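Raw contents of query32.cif, mmCIF, C-alpha atoms:
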```cif
data_work
#
loop_
_atom_site.label_atom_id
_atom_site.label_comp_id
_atom_site.auth_asym_id
_atom_site.auth_seq_id
_atom_site.Cartn_x
_atom_site.Cartn_y
_atom_site.Cartn_z
CA MET A 1 -7.80 16.32 -40.62
CA SER A 2 -11.22 14.99 -39.86
CA THR A 3 -11.54 16.78 -36.53
CA SER A 4 -12.92 20.25 -36.35
CA LEU A 5 -10.80 23.27 -35.75
CA ASP A 6 -12.27 23.75 -32.27
CA GLU A 7 -11.56 20.18 -31.23
CA ARG A 8 -7.96 20.45 -32.44
CA LEU A 9 -7.50 23.62 -30.41
CA ARG A 10 -9.04 22.13 -27.29
CA ARG A 11 -6.87 19.04 -27.56
CA TRP A 12 -3.83 21.30 -27.84
CA ARG A 13 -4.99 23.23 -24.76
CA ARG A 14 -5.34 20.04 -22.69
CA MET A 15 -1.70 19.23 -23.39
CA HIS A 16 -0.62 22.48 -21.77
CA LEU A 17 -2.64 22.45 -18.57
CA ALA A 18 -0.34 22.66 -15.58
CA THR A 19 -0.26 19.82 -13.07
CA ASP A 20 -1.69 20.26 -9.58
CA THR A 21 1.83 20.19 -8.15
CA HIS A 22 2.97 22.90 -10.52
CA LEU A 23 -0.03 25.07 -9.67
CA ALA A 24 0.49 24.59 -5.93
CA THR A 25 4.11 25.71 -6.29
CA LEU A 26 3.07 28.64 -8.44
CA ALA A 27 0.43 29.70 -5.92
CA GLN A 28 3.04 29.56 -3.17
CA ILE A 29 5.44 31.72 -5.19
CA ILE A 30 2.67 34.23 -5.89
CA SER A 31 1.66 34.44 -2.25
CA GLU A 32 5.26 35.08 -1.21
CA ASP A 33 5.61 37.67 -3.95
CA LEU A 34 2.47 39.47 -2.81
CA ARG A 35 3.84 39.68 0.72
CA ARG A 36 7.16 41.06 -0.52
CA HIS A 37 5.36 43.73 -2.49
CA ALA A 38 3.03 44.53 0.39
CA GLN A 39 6.02 45.01 2.63
CA ALA A 40 7.80 47.11 0.06
CA GLU A 41 4.88 49.34 -0.66
CA ASP A 42 3.61 49.36 2.90
CA ARG A 43 0.14 50.19 1.82
CA ARG A 44 -3.33 48.75 1.91
CA PRO A 45 -6.02 49.10 -0.72
CA ALA A 46 -7.85 52.41 -0.54
CA ALA A 47 -11.60 52.66 -0.67
CA ALA A 48 -13.00 52.55 -4.17
CA ASP A 49 -13.55 55.88 -5.82
CA THR A 50 -16.94 56.20 -7.39
CA VAL A 51 -16.63 58.92 -9.94
CA GLY A 52 -19.71 59.69 -12.00
CA PHE A 53 -19.61 60.87 -15.57
CA GLY A 54 -20.57 64.42 -14.64
CA ILE A 55 -17.81 64.56 -12.07
CA LYS A 56 -15.35 63.20 -14.59
CA LEU A 57 -16.42 65.89 -17.01
CA ALA A 58 -15.82 68.50 -14.34
CA TYR A 59 -12.45 66.93 -13.63
CA ALA A 60 -11.58 67.06 -17.31
CA ALA A 61 -12.48 70.75 -17.46
CA ALA A 62 -10.48 71.44 -14.34
CA GLY A 63 -7.63 69.40 -15.72
CA ALA A 64 -7.66 71.47 -18.87
CA MET A 65 -7.39 74.58 -16.72
CA VAL A 66 -4.39 73.13 -14.90
CA MET A 67 -2.83 72.27 -18.23
CA ALA A 68 -3.45 75.77 -19.48
CA ALA A 69 -1.77 77.11 -16.35
CA ALA A 70 1.12 74.75 -16.96
CA LEU A 71 1.59 76.15 -20.43
CA VAL A 72 2.05 79.57 -18.89
CA LEU A 73 4.15 78.33 -15.98
CA TRP A 74 6.77 76.63 -18.07
CA PRO A 75 8.89 79.24 -19.72
CA GLU A 76 10.88 76.91 -21.94
CA ARG A 77 7.90 76.02 -24.06
CA ALA A 78 8.23 75.70 -27.73
CA GLY A 79 7.37 78.15 -30.34
CA GLY A 80 10.64 79.96 -30.08
CA PRO A 81 13.58 79.36 -32.35
CA ALA A 82 15.73 76.31 -31.76
CA HIS A 83 19.09 77.15 -30.25
CA ALA A 84 22.32 75.27 -30.68
CA LEU A 85 23.45 74.25 -27.21
CA PRO A 86 25.70 71.56 -25.81
CA VAL A 87 23.76 68.30 -25.75
CA PRO A 88 23.88 67.81 -21.97
CA ALA A 89 22.30 71.20 -21.49
CA LEU A 90 19.51 70.41 -23.93
CA ALA A 91 18.69 67.10 -22.31
CA THR A 92 19.01 68.16 -18.71
CA LEU A 93 15.96 68.53 -16.49
CA ASP A 94 16.51 71.65 -14.46
CA GLY A 95 15.08 72.21 -11.01
CA GLY A 96 12.48 74.72 -12.12
CA ARG A 97 11.06 72.40 -14.72
CA LEU A 98 10.98 69.50 -12.28
CA ALA A 99 9.21 71.62 -9.68
CA ALA A 100 6.61 72.68 -12.26
CA HIS A 101 6.05 69.07 -13.32
CA SER A 102 5.69 68.07 -9.71
CA GLN A 103 3.13 70.75 -8.99
CA VAL A 104 1.04 69.95 -12.05
CA PHE A 105 1.16 66.22 -11.40
CA ARG A 106 0.14 66.70 -7.81
CA GLU A 107 -2.80 68.90 -8.71
CA MET A 108 -3.94 66.64 -11.52
CA GLN A 109 -3.70 63.70 -9.18
CA HIS A 110 -5.92 65.50 -6.72
CA LEU A 111 -8.43 66.38 -9.43
CA PHE A 112 -8.65 62.84 -10.66
CA ALA A 113 -9.07 61.28 -7.25
CA ASP A 114 -5.68 59.58 -7.33
CA GLN A 115 -6.42 57.91 -10.66
CA LEU A 116 -3.87 59.93 -12.62
CA ARG A 117 -1.20 57.71 -14.13
CA TRP A 118 0.94 59.95 -16.28
CA VAL A 119 1.38 63.36 -17.79
CA SER A 120 3.20 63.84 -21.07
CA GLU A 121 4.43 67.08 -22.53
CA THR A 122 5.94 67.62 -25.95
CA ASP A 123 6.98 70.94 -27.36
CA ARG A 124 3.45 71.47 -28.64
CA GLN A 125 0.99 69.68 -26.40
CA ILE A 126 0.27 68.09 -23.06
CA ASP A 127 -1.58 64.79 -22.57
CA PHE A 128 -2.48 62.90 -19.47
CA GLY A 129 -3.76 59.43 -18.67
CA VAL A 130 -6.01 58.17 -15.91
CA ALA A 131 -6.46 54.57 -14.75
CA PRO A 132 -9.44 53.02 -14.13
CA ALA A 133 -9.59 50.29 -16.75
CA ALA A 134 -9.40 46.95 -15.05
CA GLY A 135 -5.94 45.51 -15.15
CA GLU A 136 -4.19 48.80 -15.48
CA THR A 137 -2.13 49.94 -12.58
CA ALA A 138 -4.16 52.34 -10.55
CA ALA A 139 -2.58 55.37 -9.02
CA VAL A 140 -1.16 54.98 -5.56
CA SER A 141 -0.37 57.45 -2.89
CA ALA A 142 2.27 55.58 -0.93
CA GLY A 143 5.71 57.02 -0.34
CA ASP A 144 7.47 55.01 -3.01
CA ALA A 145 4.95 56.29 -5.53
CA ARG A 146 6.89 59.54 -5.95
CA PRO A 147 6.65 60.22 -9.66
CA VAL A 148 9.65 60.40 -11.92
CA CYS A 149 10.15 62.46 -15.03
CA VAL A 150 11.71 60.94 -18.14
CA ARG A 151 12.82 63.44 -20.77
CA PHE A 152 13.50 62.52 -24.36
CA THR A 153 15.46 64.97 -26.43
CA ALA A 154 16.03 64.49 -30.15
CA VAL A 155 18.81 66.55 -31.66
CA VAL A 156 20.02 66.94 -35.21
CA ARG A 157 23.35 67.93 -36.71
CA GLN A 158 23.43 69.19 -40.26
CA PRO A 159 26.43 68.50 -42.51
CA ALA A 160 29.38 70.80 -42.11
CA THR A 161 28.34 72.00 -38.68
CA ASP A 162 29.38 70.93 -35.22
CA ALA A 163 26.28 72.16 -33.48
CA TRP A 164 23.51 69.87 -32.32
CA VAL A 165 20.10 71.52 -32.58
CA PRO A 166 17.01 70.25 -30.76
CA VAL A 167 14.21 69.05 -33.02
CA TRP A 168 11.84 67.51 -30.52
CA TYR A 169 11.50 66.76 -26.87
CA GLN A 170 9.00 64.99 -24.65
CA ASP A 171 8.76 64.91 -20.88
CA VAL A 172 6.76 62.06 -19.37
CA VAL A 173 5.90 62.00 -15.69
CA LEU A 174 4.90 58.60 -14.38
CA ARG A 175 5.24 56.37 -11.37
CA CYS A 176 7.72 53.57 -10.96
CA GLU A 177 6.54 50.14 -12.01
CA ASP A 178 3.59 51.48 -13.96
CA ARG A 179 3.96 50.47 -17.59
CA ILE A 180 2.49 53.14 -19.79
CA SER A 181 2.13 53.93 -23.46
CA VAL A 182 1.70 57.54 -24.56
CA ARG A 183 1.55 59.33 -27.86
CA SER A 184 4.92 60.42 -29.10
CA GLY A 185 5.58 63.48 -31.18
CA VAL A 186 2.61 65.57 -32.24
CA ASP A 187 -0.44 63.61 -33.42
CA ASP A 188 1.73 61.59 -35.74
CA GLY A 189 0.56 58.14 -34.71
CA GLY A 190 3.80 57.32 -32.92
CA THR A 191 3.94 55.86 -29.43
CA LEU A 192 6.28 55.93 -26.51
CA GLY A 193 6.19 53.02 -24.09
CA LEU A 194 7.84 53.42 -20.71
CA TRP A 195 8.45 51.41 -17.59
CA VAL A 196 10.62 52.63 -14.73
CA TYR A 197 11.87 50.60 -11.81
CA ARG A 198 13.71 51.97 -8.78
CA LEU A 199 16.82 49.94 -7.93
CA ASP A 200 18.16 49.43 -4.42
CA ASP A 201 21.15 51.65 -5.14
CA GLY A 202 18.91 54.58 -6.01
CA ARG A 203 19.35 54.39 -9.76
CA LEU A 204 16.41 53.84 -12.07
CA ALA A 205 16.00 51.05 -14.62
CA VAL A 206 14.13 52.38 -17.62
CA GLU A 207 12.61 50.29 -20.38
CA THR A 208 11.76 52.38 -23.40
CA ASP A 209 9.86 51.63 -26.60
CA LEU A 210 10.42 54.67 -28.73
CA ASP A 211 8.41 55.00 -31.93
CA VAL A 212 8.46 58.55 -33.20
CA VAL A 213 7.10 59.11 -36.69
CA ALA A 214 7.59 62.84 -37.18
CA PRO A 215 9.45 65.02 -37.82
CA VAL A 216 11.70 62.04 -38.51
CA ALA A 217 11.18 58.34 -37.86
CA LEU A 218 13.03 57.39 -34.66
CA ARG A 219 12.55 53.89 -33.37
CA ALA A 220 14.32 52.03 -30.58
CA HIS A 221 13.73 49.54 -27.79
CA VAL A 222 16.16 50.22 -24.96
CA ASP A 223 16.57 48.75 -21.48
CA THR A 224 19.00 50.81 -19.48
CA VAL A 225 19.99 51.61 -15.91
CA MET A 226 20.12 55.37 -15.51
CA ASP A 227 22.02 57.61 -13.15
CA LEU A 228 19.66 60.31 -11.95
CA GLY A 229 19.77 63.47 -14.02
CA THR A 230 22.48 62.24 -16.39
CA PRO A 231 21.44 62.16 -20.05
CA ALA A 232 22.08 58.87 -21.83
CA GLN A 233 22.07 58.43 -25.57
CA VAL A 234 19.42 55.88 -26.54
CA LEU A 235 19.46 56.25 -30.30
CA SER A 236 21.83 57.45 -32.98
CA MET A 237 21.01 57.41 -36.67
CA ARG A 238 22.04 59.06 -39.90
CA GLU A 239 19.81 60.04 -42.80
CA GLY A 240 22.00 61.10 -45.67
CA ASP A 241 24.46 63.57 -44.25
CA THR A 242 22.21 64.51 -41.38
CA GLU A 243 22.77 62.93 -37.99
CA TYR A 244 20.08 62.41 -35.36
CA ARG A 245 20.45 61.43 -31.74
CA VAL A 246 17.95 60.83 -28.96
CA TYR A 247 18.91 61.33 -25.34
CA GLN A 248 17.00 60.12 -22.33
CA THR A 249 17.19 61.68 -18.88
CA VAL A 250 15.38 60.54 -15.76
CA GLN A 251 14.93 62.29 -12.48
CA PRO A 252 12.51 61.83 -9.57
CA LEU A 253 10.24 64.79 -9.05
CA PRO A 254 10.70 66.90 -5.95
CA PRO A 255 7.85 66.82 -3.43
CA ALA A 256 5.05 69.19 -4.38
CA ARG A 257 3.36 71.53 -1.97
CA PRO A 258 0.34 69.77 -0.50
CA VAL A 259 -3.14 70.43 -1.89
CA ASP A 260 -6.05 70.98 0.48
CA ALA A 261 -9.55 69.62 0.12
CA THR A 262 -10.57 72.44 -2.17
CA GLY A 263 -7.62 71.86 -4.48
CA ARG A 264 -5.67 74.90 -3.33
CA ARG A 265 -1.99 74.65 -2.60
CA THR A 266 -1.13 75.17 1.01
CA SER A 267 1.98 77.02 2.02
CA MET B 1 -12.09 31.00 4.79
CA THR B 2 -12.37 28.66 1.81
CA ASP B 3 -16.17 28.65 2.17
CA LEU B 4 -16.37 32.34 1.41
CA THR B 5 -17.24 33.58 -2.06
CA ASP B 6 -14.68 35.55 -4.04
CA GLU B 7 -16.49 38.78 -3.33
CA GLU B 8 -16.63 38.01 0.41
CA LEU B 9 -12.91 37.28 0.43
CA ILE B 10 -12.24 40.65 -1.20
CA ALA B 11 -14.42 42.40 1.37
CA CYS B 12 -12.53 40.66 4.17
CA TYR B 13 -9.20 41.67 2.67
CA ARG B 14 -10.33 45.25 2.29
CA ASP B 15 -11.42 45.31 5.91
CA SER B 16 -8.43 43.59 7.43
CA GLY B 17 -5.56 43.84 4.95
CA ASP B 18 -4.92 40.18 5.72
CA LEU B 19 -3.28 38.62 2.67
CA ARG B 20 -4.46 35.16 3.63
CA HIS B 21 -7.78 36.09 2.03
CA VAL B 22 -5.91 36.81 -1.18
CA ASP B 23 -4.04 33.52 -0.84
CA THR B 24 -7.39 31.75 -1.00
CA LEU B 25 -8.27 33.67 -4.16
CA VAL B 26 -4.90 32.76 -5.66
CA GLN B 27 -5.32 29.07 -4.87
CA ARG B 28 -8.84 29.13 -6.28
CA HIS B 29 -8.00 30.84 -9.56
CA VAL B 30 -4.35 30.20 -10.33
CA GLY B 31 -5.12 27.22 -12.55
CA GLY B 32 -7.78 29.04 -14.53
CA VAL B 33 -5.64 32.12 -15.02
CA ARG B 34 -2.62 30.16 -16.15
CA ALA B 35 -4.75 28.10 -18.52
CA MET B 36 -5.90 31.40 -20.08
CA ILE B 37 -2.45 32.88 -20.24
CA TYR B 38 -0.65 29.96 -21.84
CA PRO B 39 -2.39 30.14 -25.24
CA MET B 40 -1.62 33.85 -25.28
CA VAL B 41 2.12 33.69 -24.52
CA LEU B 42 2.79 30.13 -25.79
CA ASN B 43 5.58 29.46 -23.36
CA ALA B 44 5.37 27.75 -19.96
CA THR B 45 7.87 29.99 -18.14
CA ASP B 46 6.27 33.14 -19.51
CA ALA B 47 2.83 31.80 -18.60
CA ASP B 48 3.96 31.39 -14.98
CA ASP B 49 5.51 34.88 -14.93
CA VAL B 50 2.45 36.56 -16.39
CA THR B 51 0.17 34.63 -14.01
CA GLN B 52 2.26 35.99 -11.15
CA ASP B 53 1.92 39.49 -12.58
CA VAL B 54 -1.85 39.08 -12.85
CA PHE B 55 -2.30 38.50 -9.14
CA LEU B 56 -0.02 41.39 -8.32
CA ARG B 57 -2.23 43.60 -10.48
CA VAL B 58 -5.31 42.18 -8.80
CA VAL B 59 -4.11 43.22 -5.36
CA ARG B 60 -3.01 46.64 -6.60
CA ASN B 61 -6.36 47.23 -8.27
CA LEU B 62 -8.73 45.79 -5.69
CA ALA B 63 -9.78 49.34 -4.85
CA CYS B 64 -11.16 49.58 -8.41
CA PHE B 65 -13.24 46.42 -8.09
CA ARG B 66 -16.74 47.66 -7.46
CA GLY B 67 -18.59 44.38 -7.60
CA ASP B 68 -20.78 45.29 -10.57
CA ALA B 69 -19.29 42.33 -12.41
CA ARG B 70 -18.26 38.97 -11.04
CA PHE B 71 -14.75 38.80 -9.65
CA SER B 72 -13.86 36.07 -12.13
CA THR B 73 -14.86 38.31 -15.05
CA TRP B 74 -12.76 41.14 -13.67
CA LEU B 75 -9.87 38.78 -13.00
CA HIS B 76 -9.97 37.39 -16.51
CA ARG B 77 -9.96 40.89 -17.94
CA ILE B 78 -6.87 41.67 -15.93
CA ALA B 79 -5.31 38.44 -17.18
CA ILE B 80 -5.97 39.36 -20.81
CA ASN B 81 -4.55 42.84 -20.31
CA ALA B 82 -1.46 41.41 -18.62
CA ALA B 83 -0.91 38.92 -21.42
CA ILE B 84 -1.34 41.56 -24.11
CA ASP B 85 0.99 43.92 -22.25
CA PHE B 86 3.52 41.10 -22.09
CA LEU B 87 3.23 40.44 -25.82
CA ARG B 88 3.67 44.14 -26.55
CA ARG B 89 6.78 44.24 -24.42
CA ARG B 90 8.11 41.18 -26.18
CA ASN B 91 7.33 43.03 -29.39
CA GLY B 92 8.33 40.65 -32.11
CA ARG B 93 10.72 38.49 -30.16
CA PRO B 94 10.18 34.83 -31.03
CA VAL B 95 7.61 32.84 -29.12
CA ALA B 96 8.20 29.31 -27.90
CA PRO B 97 10.56 27.27 -30.03
CA ALA B 98 8.62 24.95 -32.27
CA GLY B 99 11.04 22.07 -31.73
CA GLU B 100 10.33 18.75 -30.13
CA ALA B 101 11.68 19.88 -26.77
CA CYS B 102 8.69 22.12 -26.10
CA VAL B 103 6.07 19.48 -26.87
CA PRO B 104 4.54 18.21 -23.63
CA PRO B 105 4.07 14.51 -22.98
CA LEU B 106 1.24 13.08 -25.02
CA ALA B 107 -1.63 12.15 -22.78
CA ASP B 108 -3.95 10.46 -25.24
CA GLY B 109 -2.22 7.15 -25.61
CA ALA B 110 -0.32 7.92 -28.80
CA ALA B 111 2.22 5.19 -28.13
CA GLY B 112 3.53 4.19 -31.54
CA PRO B 113 6.31 6.14 -33.23
CA ASP B 114 4.09 7.16 -36.16
CA ALA B 115 1.33 8.32 -33.88
CA ARG B 116 3.79 10.23 -31.74
CA ALA B 117 5.31 11.90 -34.77
CA ALA B 118 1.87 12.84 -36.04
CA ALA B 119 0.93 14.22 -32.65
CA ARG B 120 4.13 16.28 -32.56
CA ASP B 121 3.40 17.65 -36.01
CA GLU B 122 -0.13 18.51 -35.01
CA HIS B 123 1.07 20.22 -31.84
CA SER B 124 3.63 22.28 -33.73
CA ARG B 125 1.08 23.25 -36.36
CA VAL B 126 -1.44 24.49 -33.79
CA THR B 127 1.26 26.37 -31.87
CA ARG B 128 2.50 28.06 -35.04
CA ALA B 129 -1.03 28.95 -36.08
CA LEU B 130 -1.80 30.52 -32.71
CA ALA B 131 1.53 32.34 -32.70
CA ALA B 132 0.69 33.87 -36.06
CA LEU B 133 -2.47 35.50 -34.68
CA PRO B 134 -2.31 39.07 -33.40
CA PRO B 135 -2.92 39.26 -29.64
CA HIS B 136 -6.53 40.44 -29.83
CA LEU B 137 -7.53 37.67 -32.23
CA ARG B 138 -5.67 35.17 -30.07
CA SER B 139 -7.50 36.34 -26.96
CA ALA B 140 -10.85 36.11 -28.77
CA ILE B 141 -10.28 32.49 -29.76
CA MET B 142 -8.90 31.69 -26.32
CA LEU B 143 -11.94 33.08 -24.52
CA THR B 144 -14.59 31.53 -26.75
CA VAL B 145 -13.19 28.25 -28.07
CA LEU B 146 -10.60 27.27 -25.47
CA GLU B 147 -12.28 28.64 -22.35
CA GLY B 148 -15.82 28.14 -23.66
CA HIS B 149 -17.25 31.47 -22.56
CA PRO B 150 -20.39 32.77 -24.29
CA VAL B 151 -19.65 35.69 -26.58
CA ARG B 152 -21.30 38.27 -24.33
CA VAL B 153 -19.24 37.18 -21.34
CA ALA B 154 -16.08 36.94 -23.43
CA ALA B 155 -16.69 40.44 -24.77
CA ARG B 156 -16.91 41.81 -21.23
CA MET B 157 -13.65 40.09 -20.39
CA ALA B 158 -11.98 41.39 -23.53
CA GLY B 159 -13.34 44.88 -22.92
CA CYS B 160 -15.07 45.17 -26.28
CA LEU B 161 -18.55 45.00 -27.78
CA PRO B 162 -20.01 41.56 -28.56
CA ALA B 163 -20.10 42.51 -32.24
CA THR B 164 -16.38 43.24 -32.12
CA LEU B 165 -15.71 39.92 -30.47
CA TYR B 166 -17.81 38.08 -33.09
CA TRP B 167 -15.71 39.71 -35.77
CA ARG B 168 -12.47 38.82 -34.02
CA VAL B 169 -13.50 35.17 -33.56
CA HIS B 170 -14.55 34.97 -37.19
CA GLU B 171 -11.28 36.44 -38.40
CA ALA B 172 -9.24 34.28 -36.02
CA ARG B 173 -10.98 31.12 -37.24
CA ARG B 174 -10.37 32.09 -40.85
CA ARG B 175 -6.66 32.57 -40.23
CA LEU B 176 -6.32 29.44 -38.09
CA LYS B 177 -8.01 27.30 -40.72
CA ARG B 178 -5.61 28.60 -43.30
CA GLU B 179 -2.56 28.04 -41.08
CA MET B 180 -3.72 24.63 -39.85
CA GLY B 181 -4.59 23.32 -43.27
CA GLU B 182 -8.32 22.87 -42.81
#
```

In structure tokens, write the structure found in this file.
Amino acid sequence: MSTSLDERLRRWRRMHLATDTHLATLAQIISEDLRRHAQAEDRRPAAADTVGFGIKLAYAAAGAMVMAAALVLWPERAGGPAHALPVPALATLDGGRLAAHSQVFREMQHLFADQLRWVSETDRQIDFGVAPAAGETAAVSAGDARPVCVRFTAVVRQPATDAWVPVWYQDVVLRCEDRISVRSGVDDGGTLGLWVYRLDDGRLAVETDLDVVAPVALRAHVDTVMDLGTPAQVLSMREGDTEYRVYQTVQPLPPARPVDATGRRTS
Amino acid sequence: MTDLTDEELIACYRDSGDLRHVDTLVQRHVGGVRAMIYPMVLNATDADDVTQDVFLRVVRNLACFRGDARFSTWLHRIAINAAIDFLRRRNGRPVAPAGEACVPPLADGAAGPDARAAARDEHSRVTRALAALPPHLRSAIMLTVLEGHPVRVAARMAGCLPATLYWRVHEARRRLKREMGE
């Protein structure tokens, strides 16, 4: 071709510009969509939070303290020996755990001026993510923003045994309709992408991109509609004679006790 | 309302919550956003869907817009993030079919059958070459070559350093030349 690369690309681009009619229709659809969402969320934009670096640093330190407290609060933490239990019991989110997640999320949210997006806990570490990169979904405080917890439980069954033994779990607390990507496993380079949507019938649609590297490679992309609190198998694989399964459980968090202006829980 | 600047419209929306101010922003920018999105997703229906998602994100994130950059820069950054999120979600699923059906009408007077066939080949070749680029390289070429933004502005939109964007454009050009037979 005698034309330059740039000119070829620009000519290609011109072929794909939408017509004025198409754009007018699209703008109309968007406007209607914005009104539907505004009605659904029943909220208006909050004032911008101006958080300086020093404040953020203080928040991070305070967040670390909350995380440290969470490590103590949650009695099921790892470190202990793995027990063979029925799979539903392993994958179930009990009330105490949900209440602890709720409390920690609420306090972290307060510390980060409503910019907290998610908290992730594996059997060895806790991570959290805050918004404010442009384009990412900022935290919201409206009623429908009640966080949900998604638990992933990987279990293994060795040959010649009937017992499933847990090898890894991860709890991720996030808000509906906020697409997130968190580290999976323990510093192994894996990722876990999640998106949760609340359906009219109360169930939750969960889109999962699971990419766990260690202790065993577990990969799956699953779109599923989940009954609350009921574990669903999202992956089953066999490596030699050893079987692995991953279960996913989702449950909205219970309301946390309110936090006052100083960050203390009120009774 | 249409005489107001973007930033004034945002201020009015923040004060009143009246979505008609946002409607004006949508009408003003929908064409530009979609034109950015299409080369990223390479499919007309997806481009419309992602454009819709962009404006939803804009409204949700208006509290984060502090006015230290132009609204259009902020908007374009949101658009890039939305497109890249979309591509991640699609995660390897095929992009637009490369068949004749997806080639838009030729607007440059290529009337003869040979010319039309050549134009179709050229269109398919460019589409395939863009589809072969990873999202960040695709966004770099889109911002600089297709949208014509200076590198510093494009870097702000892409959320990276100008040096990084230079590298991405260089690498994208190298790959495109190879794919497009230059």

Given the file above and the PyMOL selection byres ((chain B and resi 135) around 9), which residues are selected, and can you give them as an MDAnalysis selection string?
chainID B and resid 40 83:84 87:88 131 133:134 136:140

Reference answer for the PyMOL selection byres ((chain A and resi 200-208) around 10), as a JSON list (two decimals) with C-alpha atoms, in the coordinates of the input:
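As written to disk, result.json reads:
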```json
[["chain", "number", "residue", "atom", "x", "y", "z"],
["A", 148, "VAL", "CA", 9.65, 60.40, -11.92],
["A", 150, "VAL", "CA", 11.71, 60.94, -18.14],
["A", 176, "CYS", "CA", 7.72, 53.57, -10.96],
["A", 177, "GLU", "CA", 6.54, 50.14, -12.01],
["A", 179, "ARG", "CA", 3.96, 50.47, -17.59],
["A", 180, "ILE", "CA", 2.49, 53.14, -19.79],
["A", 181, "SER", "CA", 2.13, 53.93, -23.46],
["A", 192, "LEU", "CA", 6.28, 55.93, -26.51],
["A", 193, "GLY", "CA", 6.19, 53.02, -24.09],
["A", 194, "LEU", "CA", 7.84, 53.42, -20.71],
["A", 195, "TRP", "CA", 8.45, 51.41, -17.59],
["A", 196, "VAL", "CA", 10.62, 52.63, -14.73],
["A", 197, "TYR", "CA", 11.87, 50.60, -11.81],
["A", 198, "ARG", "CA", 13.71, 51.97, -8.78],
["A", 199, "LEU", "CA", 16.82, 49.94, -7.93],
["A", 209, "ASP", "CA", 9.86, 51.63, -26.60],
["A", 210, "LEU", "CA", 10.42, 54.67, -28.73],
["A", 211, "ASP", "CA", 8.41, 55.00, -31.93],
["A", 220, "ALA", "CA", 14.32, 52.03, -30.58],
["A", 221, "HIS", "CA", 13.73, 49.54, -27.79],
["A", 222, "VAL", "CA", 16.16, 50.22, -24.96],
["A", 223, "ASP", "CA", 16.57, 48.75, -21.48],
["A", 224, "THR", "CA", 19.00, 50.81, -19.48],
["A", 225, "VAL", "CA", 19.99, 51.61, -15.91],
["A", 226, "MET", "CA", 20.12, 55.37, -15.51],
["A", 227, "ASP", "CA", 22.02, 57.61, -13.15],
["A", 228, "LEU", "CA", 19.66, 60.31, -11.95],
["A", 234, "VAL", "CA", 19.42, 55.88, -26.54],
["A", 248, "GLN", "CA", 17.00, 60.12, -22.33],
["A", 249, "THR", "CA", 17.19, 61.68, -18.88],
["A", 250, "VAL", "CA", 15.38, 60.54, -15.76],
["A", 251, "GLN", "CA", 14.93, 62.29, -12.48],
["A", 252, "PRO", "CA", 12.51, 61.83, -9.57],
["B", 89, "ARG", "CA", 6.78, 44.24, -24.42]]
```

Between CA of Ile30 (chain A) and CA of Phe55 (chain B), distance in Å (one decimal):
7.3 Å

Which residues are close to Ala79 (chain B), i.e. within 6 Å by all atoms listed in the file, leaving aside same-chain residues fewer than 3 positions away? Reply as a ChimeraX atom specification.
/B:54,76,82

Dump C-alpha atoms for the selected residues as a PDB file, keeping the file's coordinate frame?
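out_16.pdb, freshly written:
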```pdb
ATOM      1  CA  VAL B  54      -1.850  39.080 -12.850  1.00  0.00           C
ATOM      2  CA  HIS B  76      -9.970  37.390 -16.510  1.00  0.00           C
ATOM      3  CA  ALA B  82      -1.460  41.410 -18.620  1.00  0.00           C
TER       4      ALA B  82
END
```

Between B:Val145, B:Ala11, B:Ile37, B:Ala115, which one has atoms that come closest to chain A, using only C-alpha atoms?
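Once distances to chain A are computed over only C-alpha atoms, the minimum belongs to B:Val145.
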
Can you tell me how far CA of Gln233 (chain A) sits from CA of Pro254 (chain A), in Å to one decimal?
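Interatomic distance, CA of Gln233 (chain A) to CA of Pro254 (chain A): 24.2 Å.
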
By how many Å are CA of Phe128 (chain A) and CA of Cys160 (chain B) apart?
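About the pair CA of Phe128 (chain A) and CA of Cys160 (chain B): they are 22.8 Å apart.
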
Using the chain letters and residue numbers of this document, give as JSON, numbers by chain the residues selected by the PyMOL selection byres ((chain B and resi 72) around 12).
{"B": [5, 6, 7, 10, 25, 26, 28, 29, 30, 32, 33, 58, 65, 67, 68, 69, 70, 71, 73, 74, 75, 76, 77, 78, 79, 149, 153, 154, 156, 157]}

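Summary of the local environment: counting only C-alpha atoms, residues at most 12 Å from Asp23 (chain B), other than itself and those fewer than 4 positions away along its chain, are Ala24, Leu26, Ala27, Gln28, Ile29, Ile30, Ser31, Glu32, Asp33, Leu34 and Arg35 of chain A; Met1, Thr2, Asp6, Leu9, Ile10, Tyr13, Gly17, Asp18, Leu19, Gln27, Arg28, His29, Val30, Phe55, Leu56, Val58 and Val59 of chain B.
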
List the spatial neighbours of Glu147 (chain B) as a list in words - criterion: any atom at most 9 Å away, all atoms listed in the file, same-chain residues fewer than 6 positions off excluded.
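Once the adjacent positions are removed, what remains is Arg10 of chain A; Ala35, Met36 and Ile141 of chain B.
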
Nearest to chain A, restricted to all atoms listed in the file and choosing among B:Arg60, B:Arg175, B:Arg116, B:His21, comes out as B:Arg60

Anything within 7 Å of (11.3, 66.6, -18.8): list those residues as a ChimeraX atom specification, counting only C-alpha atoms and sticking to the file's coordinates.
/A:93,149-151,170-172

Write the residues you've just listed into a file as a PDB file, keeping the file's coordinate frame, and include C-alpha atoms for each of them.
```
ATOM      1  CA  LEU A  93      15.960  68.530 -16.490  1.00  0.00           C
ATOM      2  CA  CYS A 149      10.150  62.460 -15.030  1.00  0.00           C
ATOM      3  CA  VAL A 150      11.710  60.940 -18.140  1.00  0.00           C
ATOM      4  CA  ARG A 151      12.820  63.440 -20.770  1.00  0.00           C
ATOM      5  CA  GLN A 170       9.000  64.990 -24.650  1.00  0.00           C
ATOM      6  CA  ASP A 171       8.760  64.910 -20.880  1.00  0.00           C
ATOM      7  CA  VAL A 172       6.760  62.060 -19.370  1.00  0.00           C
TER       8      VAL A 172
END
```
